[in-house]
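Engineer: Dropping in query.txt, which is compact mmCIF, C-alpha atoms:
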# COMPACT_ATOMS: atom_id res chain seq x y z
CA MET K 806 20.25 5.83 -2.83
CA THR K 807 17.97 3.03 -3.93
CA HIS K 808 14.21 3.30 -3.41
CA VAL K 809 14.34 0.85 -0.53
CA GLU K 810 17.06 2.83 1.24
CA GLU K 811 15.00 6.02 0.97
CA GLU K 812 11.94 4.19 2.25
CA ILE K 813 13.83 2.69 5.18
CA ALA K 814 15.07 6.16 6.13
CA SER K 815 11.53 7.61 6.13
CA GLN K 816 10.16 5.26 8.79
CA PRO K 817 10.45 7.49 11.88
CA GLU K 818 8.38 10.17 10.12
CA CYS K 819 5.87 7.59 8.87
CA TRP K 820 5.41 6.20 12.39
CA GLN K 821 4.74 9.68 13.74
CA ARG K 822 2.05 10.18 11.11
CA ALA K 823 0.63 6.75 11.90
CA THR K 824 0.38 7.58 15.60
CA ALA K 825 -1.48 10.80 14.82
CA LEU K 826 -3.82 8.96 12.46
CA ALA K 827 -4.68 6.15 14.86
CA SER K 828 -6.81 8.33 17.11
CA SER K 829 -9.25 8.96 14.26
CA LEU K 830 -9.75 5.28 13.40
CA ALA K 831 -11.76 4.06 16.39
CA GLY K 832 -14.65 2.91 14.24
CA GLN K 833 -12.56 1.37 11.50
CA LEU K 834 -10.24 -0.90 13.48
CA PRO K 835 -11.14 -3.81 15.79
CA ARG K 836 -13.20 -2.94 18.84
CA ARG K 837 -12.74 -4.35 22.33
CA GLY K 838 -14.22 -7.83 22.59
CA GLU K 839 -14.44 -8.55 18.87
CA ARG K 840 -13.15 -11.91 17.67
CA VAL K 841 -10.72 -10.91 14.94
CA ALA K 842 -8.73 -12.59 12.17
CA VAL K 843 -5.86 -10.67 10.58
CA VAL K 844 -4.64 -11.83 7.18
CA GLY K 845 -1.94 -10.89 4.73
CA CYS K 846 0.70 -12.32 2.43
CA GLY K 847 4.46 -12.33 2.97
CA THR K 848 5.52 -9.27 4.94
CA SER K 849 1.90 -8.32 5.66
CA TRP K 850 1.29 -11.75 7.20
CA PHE K 851 4.23 -11.23 9.55
CA MET K 852 2.81 -7.87 10.66
CA ALA K 853 -0.53 -9.64 11.21
CA MET K 854 1.24 -12.14 13.47
CA ALA K 855 2.76 -9.34 15.54
CA TYR K 856 -0.53 -7.45 15.91
CA ALA K 857 -2.50 -10.57 16.82
CA GLU K 858 -0.15 -11.29 19.73
CA LEU K 859 -0.21 -7.68 20.91
CA ARG K 860 -4.01 -7.41 20.81
CA GLU K 861 -4.56 -10.61 22.76
CA ARG K 862 -1.87 -9.65 25.27
CA ALA K 863 -3.69 -6.34 25.79
CA GLY K 864 -6.85 -8.28 26.69
CA LEU K 865 -8.90 -6.79 23.85
CA GLY K 866 -10.18 -10.02 22.34
CA GLU K 867 -9.25 -13.29 20.65
CA THR K 868 -7.11 -12.50 17.62
CA ASP K 869 -5.74 -14.93 15.03
CA ALA K 870 -3.31 -14.31 12.18
CA PHE K 871 -3.26 -16.22 8.91
CA ALA K 872 -1.52 -16.21 5.59
CA ALA K 873 -4.38 -15.18 3.30
CA SER K 874 -4.18 -18.44 1.36
CA GLU K 875 -4.70 -20.41 4.59
CA PHE K 876 -7.63 -18.43 6.02
CA PRO K 877 -10.10 -20.92 7.60
CA ARG K 878 -13.35 -19.98 5.91
CA GLN K 879 -15.37 -22.30 8.14
CA ARG K 880 -14.61 -20.24 11.27
CA HIS K 881 -16.70 -17.34 12.52
CA TYR K 882 -15.09 -13.98 13.23
CA ASP K 883 -16.64 -10.65 14.13
CA ARG K 884 -14.13 -8.87 11.92
CA VAL K 885 -11.43 -9.72 9.40
CA VAL K 886 -8.56 -7.28 8.97
CA VAL K 887 -6.55 -7.52 5.76
CA ILE K 888 -3.14 -5.89 5.39
CA SER K 889 -2.08 -5.35 1.79
CA ARG K 890 0.30 -2.71 0.47
CA SER K 891 -0.92 -2.96 -3.13
CA GLY K 892 -4.50 -3.99 -2.41
CA THR K 893 -4.35 -6.26 -5.46
CA THR K 894 -2.96 -9.52 -4.08
CA SER K 895 -5.05 -12.43 -5.32
CA GLU K 896 -5.30 -14.39 -2.05
CA VAL K 897 -6.39 -11.29 -0.11
CA LEU K 898 -9.11 -10.52 -2.64
CA ASP K 899 -10.28 -14.14 -2.43
CA VAL K 900 -10.69 -13.85 1.36
CA LEU K 901 -12.70 -10.65 1.02
CA GLY K 902 -14.93 -12.24 -1.59
CA ALA K 903 -15.55 -15.23 0.67
CA ILE K 904 -16.62 -13.18 3.70
CA ALA K 905 -18.58 -10.46 1.86
CA GLY K 906 -21.97 -9.86 3.44
CA ASN K 907 -21.22 -12.10 6.42
CA THR K 908 -18.26 -10.61 8.30
CA ARG K 909 -17.24 -7.00 8.84
CA SER K 910 -13.91 -6.22 7.19
CA THR K 911 -11.12 -3.69 7.55
CA GLY K 912 -8.46 -3.15 4.90
CA ILE K 913 -5.11 -1.49 5.65
CA VAL K 914 -3.64 -0.53 2.28
CA GLY K 915 -1.00 1.70 0.75
CA ASP K 916 -2.84 2.49 -2.48
CA PRO K 917 -6.23 4.18 -1.94
CA ARG K 918 -7.22 3.35 -5.54
CA SER K 919 -6.81 -0.39 -5.06
CA PRO K 920 -9.61 -3.00 -5.27
CA VAL K 921 -9.41 -3.72 -1.54
CA VAL K 922 -10.69 -0.23 -0.71
CA ALA K 923 -13.97 -0.92 -2.51
CA LEU K 924 -14.35 -4.42 -1.07
CA VAL K 925 -13.94 -3.74 2.66
CA ASP K 926 -16.38 -2.10 5.05
CA ASP K 927 -13.69 0.02 6.69
CA PRO K 928 -10.71 1.09 4.57
CA VAL K 929 -7.59 2.46 6.27
CA CYS K 930 -5.39 4.06 3.62
CA LEU K 931 -1.74 4.87 4.22
CA PRO K 932 -0.61 6.46 0.91
CA PHE K 933 2.22 8.32 2.67
CA ALA K 934 3.76 4.92 3.49
CA ASP K 935 3.34 3.35 0.05
CA GLU K 936 6.54 2.33 -1.71
CA LYS K 937 8.28 2.17 -5.07
CA SER K 938 10.54 -0.72 -4.14
CA VAL K 939 9.35 -4.30 -4.53
CA VAL K 940 10.94 -5.06 -1.15
CA GLN K 941 8.51 -3.89 1.50
CA THR K 942 9.76 -1.92 4.51
CA ARG K 943 7.99 1.27 5.59
CA PHE K 944 4.44 0.26 4.67
CA ALA K 945 4.63 -2.82 6.86
CA THR K 946 6.06 -1.08 9.90
CA THR K 947 3.72 1.90 9.49
CA ALA K 948 0.70 -0.42 9.36
CA LEU K 949 1.95 -2.05 12.56
CA ALA K 950 2.55 1.38 14.10
CA VAL K 951 -1.08 2.34 13.41
CA LEU K 952 -2.27 -0.87 15.01
CA ARG K 953 0.00 -0.54 18.03
CA ALA K 954 -1.09 3.05 18.60
CA HIS K 955 -4.74 1.99 18.30
CA LEU K 956 -4.09 -0.56 21.06
CA GLY K 957 -3.09 2.35 23.28
CA GLU K 958 0.69 2.04 23.03
CA ASN K 959 2.80 5.18 23.22
CA LEU K 960 5.28 4.97 20.34
CA ASP K 961 7.37 8.03 21.17
CA GLN K 962 10.30 5.90 22.30
CA ALA K 963 9.93 3.64 19.27
CA VAL K 964 10.20 6.68 16.99
CA ARG K 965 13.34 7.86 18.82
CA ASP K 966 14.81 4.37 18.62
CA ALA K 967 13.98 4.24 14.91
CA ALA K 968 15.86 7.48 14.26
CA GLU K 969 18.86 6.10 16.14
CA ALA K 970 18.71 2.81 14.23
CA LEU K 971 19.12 4.69 10.94
CA THR K 972 22.64 5.80 11.84
CA ALA K 973 23.81 3.11 14.28
CA PRO K 974 26.71 0.93 13.09
CA LEU K 975 25.60 -2.40 11.68
CA PRO K 976 26.24 -5.10 14.29
CA LEU K 977 27.41 -7.55 11.60
CA ASP K 978 29.91 -7.19 8.78
CA PRO K 979 28.25 -8.06 5.45
CA ALA K 980 31.63 -9.04 3.99
CA ALA K 981 32.30 -11.58 6.73
CA LEU K 982 28.81 -12.95 7.35
CA GLU K 983 27.86 -16.39 6.01
CA GLN K 984 24.43 -16.91 7.57
CA VAL K 985 22.04 -15.27 10.04
CA THR K 986 19.13 -16.59 12.09
CA PHE K 987 16.56 -14.19 13.53
CA LEU K 988 14.68 -15.05 16.73
CA GLY K 989 11.63 -13.57 18.43
CA ARG K 990 9.25 -14.17 21.31
CA ASP K 991 5.55 -13.39 21.55
CA TRP K 992 4.80 -10.51 19.14
CA THR K 993 8.38 -10.27 17.91
CA VAL K 994 8.25 -13.69 16.23
CA GLY K 995 6.62 -11.90 13.30
CA LEU K 996 9.42 -9.32 13.26
CA ALA K 997 12.03 -12.09 13.21
CA GLU K 998 10.27 -13.71 10.26
CA GLU K 999 10.21 -10.35 8.48
CA ALA K 1000 13.92 -9.73 9.08
CA GLY K 1001 14.77 -13.10 7.57
CA LEU K 1002 12.55 -12.42 4.57
CA LYS K 1003 14.27 -9.07 3.93
CA CYS K 1004 17.68 -10.76 3.73
CA ARG K 1005 16.36 -13.41 1.36
CA GLU K 1006 14.48 -10.96 -0.86
CA ALA K 1007 16.95 -8.10 -1.09
CA ALA K 1008 20.23 -10.03 -1.00
CA ARG K 1009 19.42 -13.67 -1.82
CA PHE K 1010 21.13 -14.40 1.49
CA TRP K 1011 20.78 -17.47 3.72
CA ALA K 1012 18.58 -16.29 6.59
CA GLU K 1013 16.20 -18.19 8.84
CA ALA K 1014 13.76 -17.25 11.60
CA TYR K 1015 12.28 -19.09 14.59
CA PRO K 1016 10.57 -18.53 17.93
CA ALA K 1017 13.45 -18.07 20.35
CA MET K 1018 12.54 -21.00 22.58
CA GLU K 1019 12.38 -23.29 19.54
CA TYR K 1020 15.90 -22.41 18.42
CA ARG K 1021 17.44 -25.01 20.73
CA HIS K 1022 15.26 -27.72 19.18
CA GLY K 1023 17.31 -28.23 16.03
CA PRO K 1024 18.18 -24.91 14.35
CA ILE K 1025 21.11 -24.25 16.69
CA ALA K 1026 22.88 -27.10 14.88
CA ILE K 1027 23.88 -24.72 12.06
CA ALA K 1028 25.37 -22.08 14.37
CA GLY K 1029 29.10 -21.51 14.11
CA PRO K 1030 31.87 -19.06 13.20
CA ALA K 1031 30.96 -16.50 10.51
CA ARG K 1032 27.29 -17.01 11.37
CA ALA K 1033 25.01 -14.94 13.60
CA VAL K 1034 21.91 -15.15 15.75
CA TRP K 1035 19.89 -11.92 16.08
CA ALA K 1036 17.17 -11.78 18.73
CA PHE K 1037 14.25 -9.34 18.85
CA GLY K 1038 12.73 -8.58 22.22
CA GLU K 1039 13.08 -10.85 25.23
CA VAL K 1040 15.95 -13.36 25.19
CA PRO K 1041 15.44 -16.74 26.92
CA ALA K 1042 17.74 -17.39 29.87
CA GLY K 1043 21.00 -19.04 28.87
CA LEU K 1044 20.54 -18.67 25.12
CA THR K 1045 23.20 -16.00 24.68
CA ASP K 1046 25.85 -18.25 26.23
CA GLU K 1047 24.72 -21.28 24.23
CA VAL K 1048 25.02 -19.36 20.96
CA THR K 1049 28.37 -17.84 21.90
CA ARG K 1050 29.80 -21.29 22.63
CA THR K 1051 29.11 -22.32 19.04
CA GLY K 1052 31.35 -19.53 17.74
CA ALA K 1053 28.42 -17.62 16.27
CA THR K 1054 27.85 -13.91 16.97
CA PHE K 1055 24.85 -13.06 19.15
CA VAL K 1056 23.06 -9.77 18.39
CA HIS K 1057 20.51 -8.11 20.66
CA SER K 1058 19.62 -4.54 21.56
CA ALA K 1059 17.44 -2.62 24.01
CA ARG K 1060 15.66 -0.73 21.21
CA ASP K 1061 11.98 -1.09 20.57
CA PRO K 1062 11.90 -4.31 18.50
CA MET K 1063 10.18 -2.57 15.59
CA ALA K 1064 13.02 -0.04 15.51
CA ASP K 1065 15.56 -2.87 15.70
CA LEU K 1066 13.92 -4.26 12.55
CA ILE K 1067 15.14 -1.12 10.78
CA LEU K 1068 18.71 -2.16 11.53
CA ALA K 1069 17.97 -5.61 10.09
CA GLN K 1070 16.52 -3.96 6.97
CA ARG K 1071 19.73 -1.96 6.63
CA LEU K 1072 21.74 -5.17 6.97
CA ALA K 1073 19.73 -6.74 4.14
CA VAL K 1074 20.50 -3.78 1.88
CA ALA K 1075 24.19 -3.84 2.85
CA LEU K 1076 24.32 -7.55 2.06
CA ALA K 1077 22.74 -6.88 -1.32
CA HIS K 1078 25.31 -4.22 -2.17
CA HIS K 1079 28.18 -6.45 -1.02
CA ARG K 1080 26.87 -9.29 -3.20
CA ARG K 1081 26.38 -6.84 -6.09
CA PHE K 1082 22.62 -7.20 -6.26
CA ASP K 1083 20.09 -4.39 -6.69
CA PRO K 1084 17.89 -4.50 -3.56
CA ASP K 1085 15.08 -2.79 -5.49
CA VAL K 1086 14.92 -5.68 -7.96
CA PRO K 1087 14.69 -8.97 -6.03
CA LEU K 1088 14.94 -12.16 -8.07
CA HIS K 1089 11.64 -13.67 -9.29
CA LEU K 1090 9.50 -11.13 -7.38
CA THR K 1091 7.02 -8.39 -8.30
CA ARG K 1092 5.35 -5.72 -6.16
CA SER K 1093 2.12 -7.70 -6.00
CA VAL K 1094 1.32 -11.36 -6.59
CA VAL K 1095 -1.66 -11.52 -8.93
CA LEU K 1096 -2.60 -15.08 -9.88
CA PRO K 1097 -4.52 -16.07 -13.02
How does this structure look as C-alpha cells?
Structural biologist:
Amino acid sequence: MTHVEEEIASQPECWQRATALASSLAGQLPRRGERVAVVGCGTSWFMAMAYAELRERAGLGETDAFAASEFPRQRHYDRVVVISRSGTTSEVLDVLGAIAGNTRSTGIVGDPRSPVVALVDDPVCLPFADEKSVVQTRFATTALAVLRAHLGENLDQAVRDAAEALTAPLPLDPAALEQVTFLGRDWTVGLAEEAGLKCREAARFWAEAYPAMEYRHGPIAIAGPARAVWAFGEVPAGLTDEVTRTGATFVHSARDPMADLILAQRLAVALAHHRRFDPDVPLHLTRSVVLP
C-alpha cells in the first residue's frame, strides 16, 4: 500500500481519537459568541470552509473562512483559527505575524514541533493524524472531526460510515471515467472542493467542484456519457434527473458527508493507479509550500 492508502484507511480511528480529544479543548477553540476567522491553504482552506458554515449554523457566532493569502487584515476578529498540517506554510505564518498581539489565535497542526505552535496562543496538536504522503487526507478530516465534536456533534455514526466507506465498492469505474464534478451545499461545499482537489493532485485527473445550486448555471454544460456528478449532502430538487438526462452518472449516498469523502479519496487513488501515477508523489507539489 502507498502512504496515502494507509492514511485513508486510518481515518475512522483518527476520528474516534479526535472526538475524545475535543472535550479537553474548551479553552483552546472558539467560544460561543466570538467573531472568528478560519484560515488555511489548499485542503486546510476547504476544511475551514466546512467548519465556518457548521459553526454559524449552530448559532455560535459569525465565522468566516479564507485562503490564508486572502485574509482581510483590515477586519477585526475575536479569534483567528489556522489549520496547517505542516505548520510551516508561508501564507499561514504571514497571517499569524500580522495579527500577533492584537487577535487571539488557535493553531490546529499535525507537527507539534512546527513554527505555528510557538506563534499561536492556543495550539491544538494532532500528531496521530500527521501524514507521510504529500496528498493530505486524514489530517484534514481529523481536524474537521475535532471541530465538529467541539460544536457538540455526535460523530459515532460518521465513524461507522467511515469504516463502511473503506470497503464499499467504488461507485465509478476508474477505467471508464473521463471527468467528474463534485457538488456540495452549505458545509459540504468545502468537502466537494476537497474531493476535486484529491483527484487533481493524486491522479492529474479532470475534476471540478461547485455549490450544488450553481451547477445548473453553466457547469452542467460539460456533463455527458463517461462523466459523473457526485453530490455531498443535500441534493437540490430535480438535479438528479437533470444530470441523468445528460448521460452522466449521478452519485450520492446517505453516509455522513465526511465519510463519503473517504470514498472520493479512494477514487482518486484508484484513478492514479489506473493512470500509472504514484499518488504519494503528485506532480509539482511538496508537503508544504514555503515561499522565499
Engineer: Wanna dump the range 936-1007 of chain K-range 913-929 of chain K contacts at 12 Å for me, each residue with its shortest atom pair and the distance in Å to one decimal, counting only C-alpha atoms, ordered by chain and number, as JSON lines?
Structural biologist:
{"residue": "K:Glu936", "atom": "CA", "partner": "K:Gly915", "partner_atom": "CA", "distance": 8.0}
{"residue": "K:Lys937", "atom": "CA", "partner": "K:Gly915", "partner_atom": "CA", "distance": 11.0}
{"residue": "K:Gln941", "atom": "CA", "partner": "K:Gly915", "partner_atom": "CA", "distance": 11.1}
{"residue": "K:Thr942", "atom": "CA", "partner": "K:Gly915", "partner_atom": "CA", "distance": 12.0}
{"residue": "K:Arg943", "atom": "CA", "partner": "K:Gly915", "partner_atom": "CA", "distance": 10.2}
{"residue": "K:Phe944", "atom": "CA", "partner": "K:Gly915", "partner_atom": "CA", "distance": 6.9}
{"residue": "K:Ala945", "atom": "CA", "partner": "K:Gly915", "partner_atom": "CA", "distance": 9.5}
{"residue": "K:Thr946", "atom": "CA", "partner": "K:Gly915", "partner_atom": "CA", "distance": 11.9}
{"residue": "K:Thr947", "atom": "CA", "partner": "K:Gly915", "partner_atom": "CA", "distance": 9.9}
{"residue": "K:Ala948", "atom": "CA", "partner": "K:Ile913", "partner_atom": "CA", "distance": 7.0}
{"residue": "K:Leu949", "atom": "CA", "partner": "K:Ile913", "partner_atom": "CA", "distance": 9.9}
{"residue": "K:Ala950", "atom": "CA", "partner": "K:Ile913", "partner_atom": "CA", "distance": 11.8}
{"residue": "K:Val951", "atom": "CA", "partner": "K:Ile913", "partner_atom": "CA", "distance": 9.5}
{"residue": "K:Leu952", "atom": "CA", "partner": "K:Ile913", "partner_atom": "CA", "distance": 9.8}
Engineer: Determine, counting all atoms listed in the file, which protein, DNA and RNA residues have an atom within 8 Å of an atom of range 864-871 of chain K; residues of the same chain fewer than 6 positions away are not included. Present the result as a PyMOL selection string.
Structural biologist: chain K and resi 836-845+850+853-854+857-858
Engineer: Of the residues K:Asp978, K:Asp899, K:Asp935, K:Glu818, which is the one nearest to Ala1075 in chain K, using all atoms listed in the file?
Structural biologist: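 The shortest atom-to-atom distance to Ala1075 in chain K comes from K:Asp978.
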Engineer: Could you list, as a short mmCIF file (atom, residue, chain, number, x, y, z; two decimals) with C-alpha atoms, in the frame of the given file, every residue within 12 Å of Leu1090 in chain K, counting all atoms listed in the file and ignoring same-chain residues fewer than 6 positions away?
Structural biologist:
data_model
loop_
_atom_site.label_atom_id
_atom_site.label_comp_id
_atom_site.auth_asym_id
_atom_site.auth_seq_id
_atom_site.Cartn_x
_atom_site.Cartn_y
_atom_site.Cartn_z
CA GLY K 847 4.46 -12.33 2.97
CA SER K 938 10.54 -0.72 -4.14
CA VAL K 939 9.35 -4.30 -4.53
CA VAL K 940 10.94 -5.06 -1.15
CA GLN K 941 8.51 -3.89 1.50
CA ARG K 1005 16.36 -13.41 1.36
CA GLU K 1006 14.48 -10.96 -0.86
CA ALA K 1007 16.95 -8.10 -1.09
CA ARG K 1009 19.42 -13.67 -1.82
CA PRO K 1084 17.89 -4.50 -3.56
#
Engineer: Please determine, counting all atoms listed in the file, which residue among K:Ser889, K:Ala903, K:Phe1037, K:Val1074 has the shortest atom-to-atom distance to Phe876 in chain K.
Structural biologist: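 Looking at the shortest contact to Phe876 in chain K, the residue is K:Ala903.
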Engineer: For CA of Gln1070 in chain K and CA of Ala1000 in chain K, determine how far apart the two atoms are, in Å to one decimal place.
Structural biologist: 6.7 Å
Engineer: In Å, with one decimal, what is the gap from CA of Arg909 in chain K to CA of Pro835 in chain K?
Structural biologist: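 Interatomic distance here is 9.8 Å.
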Engineer: Please provide the set of residues having any atom within 12 Å of Gln984 in chain K, restricted to only C-alpha atoms, with same-chain residues fewer than 4 positions apart removed, written as a list in words.
Structural biologist: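 Close residues of Gln984 in chain K: Leu977, Asp978, Pro979, Ala980, Gly1001, Cys1004, Arg1005, Ala1008, Arg1009, Phe1010, Trp1011, Ala1012, Glu1013, Ala1014, Ile1027, Ala1028, Gly1029, Pro1030, Ala1031, Arg1032, Ala1033, Val1034, Trp1035, Ala1053, Thr1054, Ala1073 and Leu1076 of chain K.
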Engineer: In Å, rounded to a single decimal, give me how far CA of Ala968 in chain K is from CA of Ile1067 in chain K.
Structural biologist: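 Straight-line distance from CA of Ile1067 in chain K to CA of Ala968 in chain K works out to 9.3 Å.
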Engineer: Have a look at K:Met806, K:Ala1017, K:Val897, K:Ala1064 and name the one nearest to Thr972 in chain K; count only C-alpha atoms.
Structural biologist: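 When distances to Thr972 in chain K are compared using only C-alpha atoms, the smallest one comes from K:Ala1064.
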Engineer: Please write C-alpha atoms of range 885-908 of chain K, from the structure given just now, as a compact mmCIF listing (two decimals), in the first residue's frame.
Structural biologist:
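Result written to result-v7.txt:
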# COMPACT_ATOMS: atom_id res chain seq x y z
CA VAL K 885 -8.26 33.55 14.17
CA VAL K 886 -8.02 29.78 13.75
CA VAL K 887 -5.32 28.48 11.42
CA ILE K 888 -5.36 24.93 10.10
CA SER K 889 -1.98 23.71 8.86
CA ARG K 890 -0.74 20.13 8.70
CA SER K 891 2.94 21.08 8.49
CA GLY K 892 2.76 24.34 10.43
CA THR K 893 5.33 25.79 8.03
CA THR K 894 3.23 27.17 5.18
CA SER K 895 4.37 30.69 4.33
CA GLU K 896 0.95 32.33 3.96
CA VAL K 897 -0.25 30.92 7.30
CA LEU K 898 2.85 32.22 9.09
CA ASP K 899 2.30 35.63 7.47
CA VAL K 900 -1.25 35.80 8.87
CA LEU K 901 -0.05 34.91 12.36
CA GLY K 902 2.66 37.55 12.16
CA ALA K 903 0.12 40.17 11.10
CA ILE K 904 -2.29 39.52 13.99
CA ALA K 905 0.28 38.91 16.74
CA GLY K 906 -0.52 40.89 19.87
CA ASN K 907 -3.89 42.04 18.55
CA THR K 908 -6.04 38.94 17.99
